[in-house]
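One structure below.
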Amino acid sequence: MSTQQQQPVLSLRNLTRVHGSGATEVHALRGIDLDVHPGELVAVMGPSGSGKSTLLTIAGGLDNPTSGQVFVEGTDITALGIKGLAALRRRSIGYVFQDYNLIPALTAAENVALPRELDGISARKARAEALAALAEMDLGQLADRFPDEMSGGQQQRVAIARALVGDRRLVLADEPTGALDSETGESVLALLRSRCDAGAAGVMVTHEPRFAAWADRVVFLRDGAVVDQTIRSDADSLLAGRAAQL
Amino acid sequence: MTTWFHSWRAAVRIARRDAWRSKGRSFLVLAMIALPILGVSALDLTVRSAELTPAQRMERTLGAADARFSDPRTGGVAILQDPEGEMHTPAGDYDSPGKSWPDGPTDVTKAIPAGSAVLTDSSGSAKLTTRHGLLQTEVRELAAADPVARGIMRLREGRFPEKNGEIAATTRFLESSGLSVGSTLTARGFDRAYVISGSYELPSDLTAEQVNALPGAFLAPYAKAVEKAGLSKPDISTTYLVKKAGGFTWNTVQAINAKGVLVTSRAVVLDPPADSKVPLYQKEDWGTYESSGGADAAALAAVGTVVGLAMLEICLLAGPAFAVGARRSRRQLGLVGANGGARSHIRAIVLSGGLVIGVAAALVGIVLALILTFALRPLLEDYMGQRFGGFTVRPLELLAIAALAVLTGLLSAIIPAVTASRQTVLAALTGRRGVRRSNRVLPLIGFGAVLLGAAVALYGSVVSDQFVLVAGGSAIAELGVVAMTPALVGLFGRASRWLPLSPRLALRDAVRNRGRTAPAVAAVLAAVAGTVAVSTYAASRDAQSLAEYRASLPYGAGAVLVTEEGGRDVPAVRDAVQRTLPVDVRADVFRIAVGKPGCDPYGEGAGCGRFEVVTPPANECPLWVSTPDGSDPAEKYTKEQRRALAKDWRCLSHDGNGIYVEGGLLVADAPLLKVLGIDDPGAAKALADGKLLSFHRPQVDRNGAVGIKLITDPKAADRAVEQNKPVPGELKSFPAYQVPGSPDSYGVQSVLSPAAAKAAGLTTVPLGAFFSTDRIPSTEQRQKLDAEIAKLGSNVELTVEQGWVDENGLVLLALAVFAGLVTIGAAGIATGLAQADAEADLKTLAAVGAPPRVRRMLSGFQCGVVAAMGVVLGSAAGVLPAVGLRLTEEREQMRFYQQALDSGWGGAGDAPPYVPIVVPWETLAALLVAVPLGAALLAALVTRSRGALARRAAH
């Protein structure tokens with residue numbers, strides 16, 4: 001793909017994460033290397049405890065690696081302080097979790113505008129940007145609804161809109177469809193796919209091979225290490241075999 | 001700046017909506033902050049509205065007149081006055097020895113400029129007949145309907161008197177007298193009748209019982225009638241309301257002062273002269289009475305401390321509520337973090353919670369205060385006894401009060417905000433719990449503060465005698481204990497291993513989560529410490545006043561005395577006592593009258609005199625004898641001699657208990673001795689033999705006699721005393737019987753039988769009765785007697801000795817109830833917080849088969865544990881300052897006692913001061929046992945035994 005030549009949005013270099021020490025020592029990640037380019041959606045799969053979520057939290061700067069480096073749009077985030085990481089999350093990284101992504105006290109538009117407002121943009125401008133982002137994803141009609149007035153799928157789509165508002169180009173999604181029925185899940189993934197096609201980079205943790213099929217690339221983790229990688233063209237066949245192995 | 005502003009806007013929006021979403025909790029905190037704000041703003045509004053502007057004040061004093069001229073009774077000499085016309089003094093020097101102070105009336109009318117409009121305003125008092133009896137009432141003669149007087153009296157009903165036979169009365173007088181407009185009013189001993197033509201009020205004195213008549217219509221004829229009956233006529237004082245074109249300037253006022261007349265001028269009050277232009281202020285000791293800077297600072301410090309402690313208490317109570325909010329919305333805060341919210345943003349959101357509630361509380365409190373003060377204005381005016389000048393709103397003051405509310409809200413949310421922001425985003429998102437460590441520095445600072453505060457208080461109570469040091473030190477130490485609470489809570493955890501499951505879980509949970517337990521415990525601690533300190537102090541004071549209590553009469557005995565009008569009402573009063581009280585022995589008593597029998601004791605009217613019981617010079621206490629040069633006789637003695645003299649029989653003073661009677665002398669028969677509990681058989685015999693009974697040894701001379709000097713010219717006697725000459729008057733000598741031992745005679749120094757008095761040619765008039773009772777009169781009997789006496793309209797002194805009565809009981813009870821409520825409230829909030837945290841534990845418990853009641857028991861114990869810890873720590877922290885304060889008092893009183901002994905002051909021969917320290921065990925027991933138990937039961941009762949199923953952590 002043409003995107004391969006561009007600079008990666010996310011680069012993980014020899015990433016290691018050890019929880020605890022001594023008898024309780026657990027190697028969550030062992031020397032992971034991964035690049036995600038603009039326009040690319042990467043699915044991370046693996047059994048429970050394989051380090052999928054740890055990989056995502058470290059990539060987003062919510063947790064620190066024991067060793068190795070994380071580059072987001074060229075910046076080594078392991079060298080940043082707490083404030084720098086927070087600013088990075090406001091400007092460059094968007095998160096989508098399995099459920100309860102939205103702040104119950106804020107409307108959809110306000111939820112989407114939140115990172116921009118926290119960044120000090122005026123409320124009016126942030127709202128305009130949020131409405132634009134929602135409209136772009138055909139969610140304009142939800143703008144003034146509170147989360148408890150929306151369905152789970154609608155909430156997840158608003159969360160994706162928030163993840164990509166402003167200049168954010170990296171979406172980290174942790175089982176974004178885990179709490180949804182399969183049909184709604186498909187529609188959420190279709191949206192994520194379309195945002196990546198429009199130029200964003202995405203990393204999605206999932207254990208549903210069906211959803212992994214939406215990805216350009218699937219990375220398999222086991223005991224904290226990458227055991228296999230495949231690109232989309234032969235993903236389907238490979239997925240069937242891997243799924244059987246896992 | 002704008003960046004900061006925009007991100008705060010988002011934070012405030014979240015906080016505002018969250019506050020709305022959890023209405024119960026928000027309402028609780030709002031009420032906690034808004035109630036004191038309501039009280040303070042209502043107070044501010046009331047005080048400001050009640051304050052009058054100079055113009056309003058002048059309208060109420062002068063009406064439409066320009067000035068009020070009054071007689072300062074300085075015999076017409078030139079005077080100096082202050083601009084308000086409230087203080088005055090003769091202009092010349094009359095203080096030097098040999099000069100007598102000017103006295104006597106001044107003819108005010110001579111000072112009134114020609115061509116002015118003048119109204120007289122006279123007042124005196126009279127006994128008016130009411131529905132229920134007689135009422136001593138002020139009679140004011142003023143043409144109230146005259147345009148010049150307009151504003152002084154406000155007409156409520158009918159009209160002001162227009163004829164001599166009419167009278168108007170204040171609404172309060174009509175209420176107390178049971179009369180109404182149209183009724184007929186008479187006065188005792190006066191044959192004229194007046195028709196009440198209207199009712200009015202004095203806007204600055206709503207409680208005044210006053211009637212208004214036209215000038216000359218009442219007072220002069222009444223005085224004549226009273227005098228004819230042989231009674232002393234009422235004092236009538238007259239002032240003049242003067243209206244003159246151009247008014248009276250300060251220069252004019254000074255010119256009138258030169259004629260010996262005092263002036264209250266509207267123009268001067270509205271535009272007062274500079275202090276330098278007021279000669280009175282230049283005179284020694286007459287400078288403006290302004291409170292010193294030091295006193296102001298002390299008052300400010302006291303107010304600051306009270307406000308500060310109140311705010312601390314509210315913060316400690318409200319803080320955990322914000323912590324509950326932050327804990328419940330931790331997933332939400334985690335999401336904000338995941339979306340790039342920095343720690344400052346998280347802090348801002350939680351702090352905004354405080355801001356939102358603070359602003360709402362300020363608004364609610366102040367708006368309610370405005371509405372209530374406005375709506376309750378008539379009630380407030382009645383309560384304060386004066387009409388407001390207007391409804392005065394001082395926006396700046398209300399704004400400052402509002403700022404206090406906002407500040408309290410913000411301060412309450414600070415610690416929860418910092419705690420919430422310290423959590424990692426990951427922990428918040430995954431709902432991972434962990435033991436939140438309490439701050440390690442704070443307990444150390446607290447420990448330092450406790451040591452420092454205790455040292456200061458100790459220094460204050462043991463070395464110096466300064467209350468400020470004790471109170472300040474105690475306050476610092478208490479804040480220190482509050483700061484140490486997390487560490488102290490940790491100590492309680494050690495007790496957990498011996499407890500059964502539910503209390504063990506509750507205590508361990510409380511100790512492991514000190515961050516949320518500590519503020520609640522500290523809130524309980526602060527409230528309980530205050531209550532215990534006040535209770536301990538009050539209980540100690542009670543013990544002291546019980547020990548120092550000197551009965552006025554033997555237990556159950558009483559005395560009823562009437563000195564006015566020559567004892568005219570005495571028979572009726574004696575009858576009333578006999579009828580209403582369970583009287584056992586009644587002893588009728590009389591007094592010696594010198595001059596006209598209608599005179600009051602010490603009466604100054606024409607033909608009135610007085611008597612003195614003479615102390616022979618040899619028996620005078622050398623420390624107190626009067627010296628020709630007016631110097632202090634005690635200076636002649638050394639400190640040791642003075643100490644020795646203080647115990648000398650001549651210097652033992654009467655210690656002030658008992659019934660006051662003129663000259664300490666009563667004319668009465670043997671029953672009086674029985675009432676007073678004097679059972680010396682010789683005394684009754686001596687009295688029957690015509691001797692004078694003496695309970696006061698110094699008055700008995702070498703020959704065993706007591707002299708009574710009859711002074712017919714009191715003015716000459718005063719002059720003689722001033723010039724240190726013998727007092728002129730006839731001396732009657734009586735053989736005396738000094739009652740052996742020194743029985744308490746309750747203020748009576750000598751008793752003479754009526755027969756002996758008569759034999760000696762003394763005039764006696766009825767004074768009243770002393771009586772003993774079969775049993776202590778009940779409240780109903782007392783009230784009945786009071787009503788009977790009130791009907792007579794006489795000035796009756798009634799004493800019934802009921803022993804020492806504890807007056808603090810109700811206050812202490814109220815304090816204990818307050819502390820109990822705070823404790824239950826704080827413990828309840830902490831329990832709510834614990835419940836928010838313990839959901840997972842409860843699910844685990846349910847999963848391993850715990851019955852549903854465990855949930856109830858756990859929450860009950862959680863509440864009880866917090867209450868118990870707070871109450872134990874608070875009791876300890878509260879007893880200490882009270883003890884310190886008492887020790888200081890003891891030192892101060894001992895010092896005063898020693899100084900009195902050294903200087904040979906009166907009363908020094910008494911026992912040294914007794915300053916006990918008493919711990920109020922009943923209050924402590926109630927706080928230590930009943931309150932935690934009550935809190936636990938309440939929490940257990942209101943907890944649902946089944947948890948809401950599938951309640952997600954995020955909501």
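Ordered as shown in the structure tokens, chains take letters A, B, and onward, while each chain numbers its residues from 1 and ligands are numbered from 1 in the order shown.
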With only C-alpha atoms considered, list every residue of chain B at most 9 Å from chain A, as a JSON list (two decimals) with N, CA and C atoms, in the first residue's frame.
```
[["chain", "number", "residue", "atom", "x", "y", "z"],
["B", 2, "THR", "N", -6.72, 32.52, 28.66],
["B", 2, "THR", "CA", -7.94, 32.07, 27.98],
["B", 2, "THR", "C", -7.98, 30.55, 27.96],
["B", 3, "THR", "N", -6.81, 29.92, 27.77],
["B", 3, "THR", "CA", -6.74, 28.47, 27.77],
["B", 3, "THR", "C", -7.29, 27.93, 29.08],
["B", 4, "TRP", "N", -6.78, 28.54, 30.14],
["B", 4, "TRP", "CA", -7.18, 28.14, 31.48],
["B", 4, "TRP", "C", -8.70, 28.31, 31.65],
["B", 5, "PHE", "N", -9.20, 29.44, 31.14],
["B", 5, "PHE", "CA", -10.61, 29.75, 31.27],
["B", 5, "PHE", "C", -11.47, 28.72, 30.53],
["B", 6, "HIS", "N", -11.05, 28.40, 29.28],
["B", 6, "HIS", "CA", -11.87, 27.49, 28.48],
["B", 6, "HIS", "C", -11.91, 26.10, 29.09],
["B", 7, "SER", "N", -10.77, 25.63, 29.60],
["B", 7, "SER", "CA", -10.81, 24.28, 30.15],
["B", 7, "SER", "C", -11.60, 24.26, 31.46],
["B", 8, "TRP", "N", -11.60, 25.39, 32.22],
["B", 8, "TRP", "CA", -12.41, 25.44, 33.43],
["B", 8, "TRP", "C", -13.89, 25.44, 33.10],
["B", 9, "ARG", "N", -14.22, 26.07, 31.96],
["B", 9, "ARG", "CA", -15.64, 26.09, 31.58],
["B", 9, "ARG", "C", -16.16, 24.68, 31.39],
["B", 10, "ALA", "N", -15.33, 23.87, 30.72],
["B", 10, "ALA", "CA", -15.74, 22.48, 30.51],
["B", 10, "ALA", "C", -15.89, 21.77, 31.85],
["B", 11, "ALA", "N", -14.93, 22.05, 32.76],
["B", 11, "ALA", "CA", -14.97, 21.40, 34.08],
["B", 11, "ALA", "C", -16.23, 21.80, 34.84],
["B", 13, "ARG", "N", -19.01, 22.78, 33.58],
["B", 13, "ARG", "CA", -20.19, 22.19, 32.96],
["B", 13, "ARG", "C", -20.40, 20.77, 33.47],
["B", 14, "ILE", "N", -19.31, 20.00, 33.49],
["B", 14, "ILE", "CA", -19.43, 18.62, 33.98],
["B", 14, "ILE", "C", -19.90, 18.61, 35.43],
["B", 15, "ALA", "N", -19.27, 19.48, 36.25],
["B", 15, "ALA", "CA", -19.60, 19.51, 37.68],
["B", 15, "ALA", "C", -21.05, 19.89, 37.90],
["B", 16, "ARG", "N", -21.50, 20.89, 37.11],
["B", 16, "ARG", "CA", -22.87, 21.37, 37.27],
["B", 16, "ARG", "C", -23.86, 20.25, 36.98],
["B", 17, "ARG", "N", -23.61, 19.54, 35.85],
["B", 17, "ARG", "CA", -24.56, 18.48, 35.47],
["B", 17, "ARG", "C", -24.48, 17.32, 36.46],
["B", 18, "ASP", "N", -23.25, 17.05, 36.97],
["B", 18, "ASP", "CA", -23.12, 15.96, 37.95],
["B", 18, "ASP", "C", -23.88, 16.29, 39.22],
["B", 21, "ARG", "N", -27.32, 15.60, 38.62],
["B", 21, "ARG", "CA", -27.61, 14.17, 38.52],
["B", 21, "ARG", "C", -27.71, 13.51, 39.89],
["B", 331, "ARG", "N", -14.79, 6.52, 37.00],
["B", 331, "ARG", "CA", -14.70, 6.05, 35.62],
["B", 331, "ARG", "C", -14.78, 7.27, 34.69],
["B", 332, "GLN", "N", -15.70, 8.19, 35.04],
["B", 332, "GLN", "CA", -15.86, 9.39, 34.22],
["B", 332, "GLN", "C", -14.56, 10.21, 34.24],
["B", 333, "LEU", "N", -13.97, 10.33, 35.43],
["B", 333, "LEU", "CA", -12.72, 11.09, 35.52],
["B", 333, "LEU", "C", -11.62, 10.36, 34.74],
["B", 335, "LEU", "N", -12.10, 8.62, 32.06],
["B", 335, "LEU", "CA", -12.35, 8.91, 30.64],
["B", 335, "LEU", "C", -11.81, 10.27, 30.26],
["B", 336, "VAL", "N", -12.01, 11.24, 31.16],
["B", 336, "VAL", "CA", -11.47, 12.57, 30.89],
["B", 336, "VAL", "C", -9.96, 12.46, 30.75],
["B", 337, "GLY", "N", -9.35, 11.65, 31.64],
["B", 337, "GLY", "CA", -7.90, 11.44, 31.57],
["B", 337, "GLY", "C", -7.52, 10.80, 30.25],
["B", 338, "ALA", "N", -8.28, 9.79, 29.81],
["B", 338, "ALA", "CA", -7.95, 9.10, 28.56],
["B", 338, "ALA", "C", -8.08, 10.04, 27.38],
["B", 339, "ASN", "N", -8.94, 11.06, 27.52],
["B", 339, "ASN", "CA", -9.10, 12.00, 26.43],
["B", 339, "ASN", "C", -8.21, 13.23, 26.58],
["B", 340, "GLY", "N", -7.19, 13.05, 27.37],
["B", 340, "GLY", "CA", -6.20, 14.11, 27.44],
["B", 340, "GLY", "C", -6.37, 15.05, 28.61],
["B", 341, "GLY", "N", -7.26, 14.71, 29.53],
["B", 341, "GLY", "CA", -7.38, 15.55, 30.72],
["B", 341, "GLY", "C", -6.15, 15.37, 31.59],
["B", 342, "ALA", "N", -5.45, 16.46, 31.86],
["B", 342, "ALA", "CA", -4.28, 16.38, 32.73],
["B", 342, "ALA", "C", -4.77, 16.36, 34.16],
["B", 343, "ARG", "N", -3.86, 16.18, 35.11],
["B", 343, "ARG", "CA", -4.25, 16.17, 36.52],
["B", 343, "ARG", "C", -4.97, 17.46, 36.89],
["B", 344, "SER", "N", -4.48, 18.55, 36.31],
["B", 344, "SER", "CA", -5.10, 19.84, 36.65],
["B", 344, "SER", "C", -6.57, 19.86, 36.21],
["B", 345, "HIS", "N", -6.85, 19.19, 35.07],
["B", 345, "HIS", "CA", -8.25, 19.16, 34.61],
["B", 345, "HIS", "C", -9.11, 18.35, 35.55],
["B", 424, "THR", "N", -4.05, 7.16, 38.80],
["B", 424, "THR", "CA", -3.65, 7.03, 37.40],
["B", 424, "THR", "C", -4.91, 6.79, 36.58],
["B", 425, "VAL", "N", -4.83, 7.22, 35.32],
["B", 425, "VAL", "CA", -5.98, 7.06, 34.42],
["B", 425, "VAL", "C", -6.35, 5.58, 34.32],
["B", 426, "LEU", "N", -5.32, 4.75, 34.25],
["B", 426, "LEU", "CA", -5.54, 3.32, 34.08],
["B", 426, "LEU", "C", -6.32, 2.75, 35.26],
["B", 954, "ALA", "N", -19.48, 2.79, 36.77],
["B", 954, "ALA", "CA", -19.37, 4.09, 36.12],
["B", 954, "ALA", "C", -20.51, 5.02, 36.50],
["B", 955, "HIS", "N", -21.62, 4.46, 37.01],
["B", 955, "HIS", "CA", -22.76, 5.36, 37.19],
["B", 955, "HIS", "C", -23.06, 5.62, 38.63]]
```
List as a PDB file with N, CA and C atoms, in the first residue's frame the protein and nucleic acid residues near Phe71 in chain A, meaning an atom at most 12 Å away when only C-alpha atoms are counted, but skip any in the same chain fewer than 5 places from it.
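Writing done, so here's part-v8.pdb:
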```pdb
ATOM      1  N   GLN A   7       5.701   8.201   6.963  1.00  0.00           N
ATOM      2  CA  GLN A   7       6.207   7.995   8.321  1.00  0.00           C
ATOM      3  C   GLN A   7       5.106   7.379   9.168  1.00  0.00           C
ATOM      4  N   PRO A   8       5.391   6.367   9.978  1.00  0.00           N
ATOM      5  CA  PRO A   8       4.329   5.751  10.792  1.00  0.00           C
ATOM      6  C   PRO A   8       3.791   6.731  11.829  1.00  0.00           C
ATOM      7  N   VAL A   9       2.466   6.607  12.126  1.00  0.00           N
ATOM      8  CA  VAL A   9       1.877   7.437  13.181  1.00  0.00           C
ATOM      9  C   VAL A   9       2.298   6.871  14.539  1.00  0.00           C
ATOM     10  N   LEU A  10       2.334   5.541  14.614  1.00  0.00           N
ATOM     11  CA  LEU A  10       2.709   4.892  15.872  1.00  0.00           C
ATOM     12  C   LEU A  10       3.836   3.910  15.606  1.00  0.00           C
ATOM     13  N   SER A  11       4.910   4.007  16.403  1.00  0.00           N
ATOM     14  CA  SER A  11       6.012   3.047  16.284  1.00  0.00           C
ATOM     15  C   SER A  11       6.354   2.523  17.663  1.00  0.00           C
ATOM     16  N   LEU A  12       6.336   1.198  17.786  1.00  0.00           N
ATOM     17  CA  LEU A  12       6.769   0.597  19.053  1.00  0.00           C
ATOM     18  C   LEU A  12       8.105  -0.050  18.791  1.00  0.00           C
ATOM     19  N   ARG A  13       9.108   0.221  19.640  1.00  0.00           N
ATOM     20  CA  ARG A  13      10.447  -0.325  19.423  1.00  0.00           C
ATOM     21  C   ARG A  13      10.896  -1.117  20.644  1.00  0.00           C
ATOM     22  N   ASN A  14      11.018  -2.425  20.429  1.00  0.00           N
ATOM     23  CA  ASN A  14      11.574  -3.315  21.449  1.00  0.00           C
ATOM     24  C   ASN A  14      10.901  -3.094  22.815  1.00  0.00           C
ATOM     25  N   LEU A  15       9.562  -3.080  22.778  1.00  0.00           N
ATOM     26  CA  LEU A  15       8.780  -2.692  23.959  1.00  0.00           C
ATOM     27  C   LEU A  15       8.659  -3.857  24.947  1.00  0.00           C
ATOM     28  N   ASP A  33       7.900  -4.968  18.509  1.00  0.00           N
ATOM     29  CA  ASP A  33       8.152  -3.940  17.495  1.00  0.00           C
ATOM     30  C   ASP A  33       6.910  -3.858  16.626  1.00  0.00           C
ATOM     31  N   LEU A  34       6.420  -2.617  16.413  1.00  0.00           N
ATOM     32  CA  LEU A  34       5.208  -2.481  15.598  1.00  0.00           C
ATOM     33  C   LEU A  34       5.158  -1.085  15.019  1.00  0.00           C
ATOM     34  N   ASP A  35       4.807  -0.953  13.732  1.00  0.00           N
ATOM     35  CA  ASP A  35       4.596   0.352  13.097  1.00  0.00           C
ATOM     36  C   ASP A  35       3.170   0.400  12.576  1.00  0.00           C
ATOM     37  N   VAL A  36       2.489   1.524  12.796  1.00  0.00           N
ATOM     38  CA  VAL A  36       1.151   1.708  12.223  1.00  0.00           C
ATOM     39  C   VAL A  36       1.189   2.989  11.410  1.00  0.00           C
ATOM     40  N   HIS A  37       0.834   2.897  10.137  1.00  0.00           N
ATOM     41  CA  HIS A  37       0.933   4.036   9.221  1.00  0.00           C
ATOM     42  C   HIS A  37      -0.423   4.697   9.040  1.00  0.00           C
ATOM     43  N   ILE A  58       0.065   1.160  26.779  1.00  0.00           N
ATOM     44  CA  ILE A  58       1.400   1.762  26.666  1.00  0.00           C
ATOM     45  C   ILE A  58       1.474   2.624  25.402  1.00  0.00           C
ATOM     46  N   ALA A  59       0.853   2.151  24.333  1.00  0.00           N
ATOM     47  CA  ALA A  59       0.880   2.921  23.082  1.00  0.00           C
ATOM     48  C   ALA A  59       0.201   4.280  23.272  1.00  0.00           C
ATOM     49  N   GLY A  60      -0.823   4.320  24.170  1.00  0.00           N
ATOM     50  CA  GLY A  60      -1.530   5.574  24.376  1.00  0.00           C
ATOM     51  C   GLY A  60      -0.961   6.404  25.505  1.00  0.00           C
ATOM     52  N   GLY A  61       0.109   5.909  26.122  1.00  0.00           N
ATOM     53  CA  GLY A  61       0.734   6.696  27.179  1.00  0.00           C
ATOM     54  C   GLY A  61      -0.010   6.617  28.493  1.00  0.00           C
ATOM     55  N   ASP A  76       8.968  10.630  20.982  1.00  0.00           N
ATOM     56  CA  ASP A  76       9.155   9.509  21.905  1.00  0.00           C
ATOM     57  C   ASP A  76       8.362   9.803  23.169  1.00  0.00           C
ATOM     58  N   ILE A  77       7.219   9.119  23.317  1.00  0.00           N
ATOM     59  CA  ILE A  77       6.345   9.495  24.434  1.00  0.00           C
ATOM     60  C   ILE A  77       6.863   8.948  25.760  1.00  0.00           C
ATOM     61  N   THR A  78       7.783   7.983  25.718  1.00  0.00           N
ATOM     62  CA  THR A  78       8.311   7.468  26.993  1.00  0.00           C
ATOM     63  C   THR A  78       9.162   8.527  27.688  1.00  0.00           C
ATOM     64  N   ALA A  79       9.559   9.551  26.918  1.00  0.00           N
ATOM     65  CA  ALA A  79      10.381  10.600  27.516  1.00  0.00           C
ATOM     66  C   ALA A  79       9.518  11.745  28.052  1.00  0.00           C
ATOM     67  N   LEU A  80       8.197  11.646  27.831  1.00  0.00           N
ATOM     68  CA  LEU A  80       7.337  12.768  28.239  1.00  0.00           C
ATOM     69  C   LEU A  80       6.904  12.634  29.710  1.00  0.00           C
ATOM     70  N   LEU A  85       2.149  13.875  28.411  1.00  0.00           N
ATOM     71  CA  LEU A  85       1.338  12.735  27.959  1.00  0.00           C
ATOM     72  C   LEU A  85      -0.122  13.132  27.843  1.00  0.00           C
ATOM     73  N   LEU A  88      -0.585  15.072  24.809  1.00  0.00           N
ATOM     74  CA  LEU A  88      -0.512  14.182  23.642  1.00  0.00           C
ATOM     75  C   LEU A  88      -1.860  13.488  23.429  1.00  0.00           C
ATOM     76  N   SER A  92      -3.245  14.066  19.918  1.00  0.00           N
ATOM     77  CA  SER A  92      -2.819  13.087  18.915  1.00  0.00           C
ATOM     78  C   SER A  92      -3.490  11.730  19.028  1.00  0.00           C
ATOM     79  N   ILE A  93      -3.933  11.339  20.212  1.00  0.00           N
ATOM     80  CA  ILE A  93      -4.400   9.965  20.400  1.00  0.00           C
ATOM     81  C   ILE A  93      -5.851   9.955  20.840  1.00  0.00           C
ATOM     82  N   LEU A 170      -4.633   9.097  15.526  1.00  0.00           N
ATOM     83  CA  LEU A 170      -4.404   7.733  15.999  1.00  0.00           C
ATOM     84  C   LEU A 170      -5.569   7.294  16.905  1.00  0.00           C
TER      85      LEU A 170
END
```
**Study point:** Polymer residues at most 9 Å from Ile152 in chain B, only C-alpha atoms, same-chain spacing of 3 or more positions, as a PyMOL selection string
**Key:** chain B and resi 59-64+144+149+201-203
Fewer than 6 positions away in the same chain doesn't count, so skip those; otherwise give me all residues within 8 Å of range 658-660 of chain B, counting only C-alpha atoms, as a PDB file with C-alpha atoms, in the first residue's frame.
```pdb
ATOM      1  CA  ARG B 550     -24.514  32.134  99.261  1.00  0.00           C
ATOM      2  CA  ALA B 551     -28.174  31.822 100.017  1.00  0.00           C
ATOM      3  CA  SER B 552     -30.146  35.040 100.389  1.00  0.00           C
ATOM      4  CA  LEU B 553     -32.239  33.462 103.099  1.00  0.00           C
ATOM      5  CA  ALA B 559     -38.909  38.153 101.896  1.00  0.00           C
ATOM      6  CA  SER B 745     -28.223  36.783 109.477  1.00  0.00           C
ATOM      7  CA  TYR B 746     -28.733  37.171 105.708  1.00  0.00           C
ATOM      8  CA  GLY B 747     -27.869  40.839 105.422  1.00  0.00           C
ATOM      9  CA  VAL B 748     -29.702  41.900 108.558  1.00  0.00           C
TER      10      VAL B 748
END
```
Practice item. Measuring atom to atom with only C-alpha atoms, identify which of A:Asp197, A:Asp223, A:Asp228, A:Glu129 is nearest to Leu55 in chain A. Key: A:Asp223
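Using only C-alpha atoms, the residues found no farther than 8 Å from Ala940 in chain B, other than those of its own chain fewer than 2 positions away, are Arg856, Met857, Leu858, Ser859, Gly860, Phe861, Ala936, Leu937, Leu938, Val942 and Thr943 of chain B.
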Practice item. Could you give me, as an MDAnalysis selection string, each residue of range 76-191 of chain A that DSSP assigns to strand (DSSP E or B) when run on this structure's backbone? Key: chainID A and resid 76 93:96 170:174
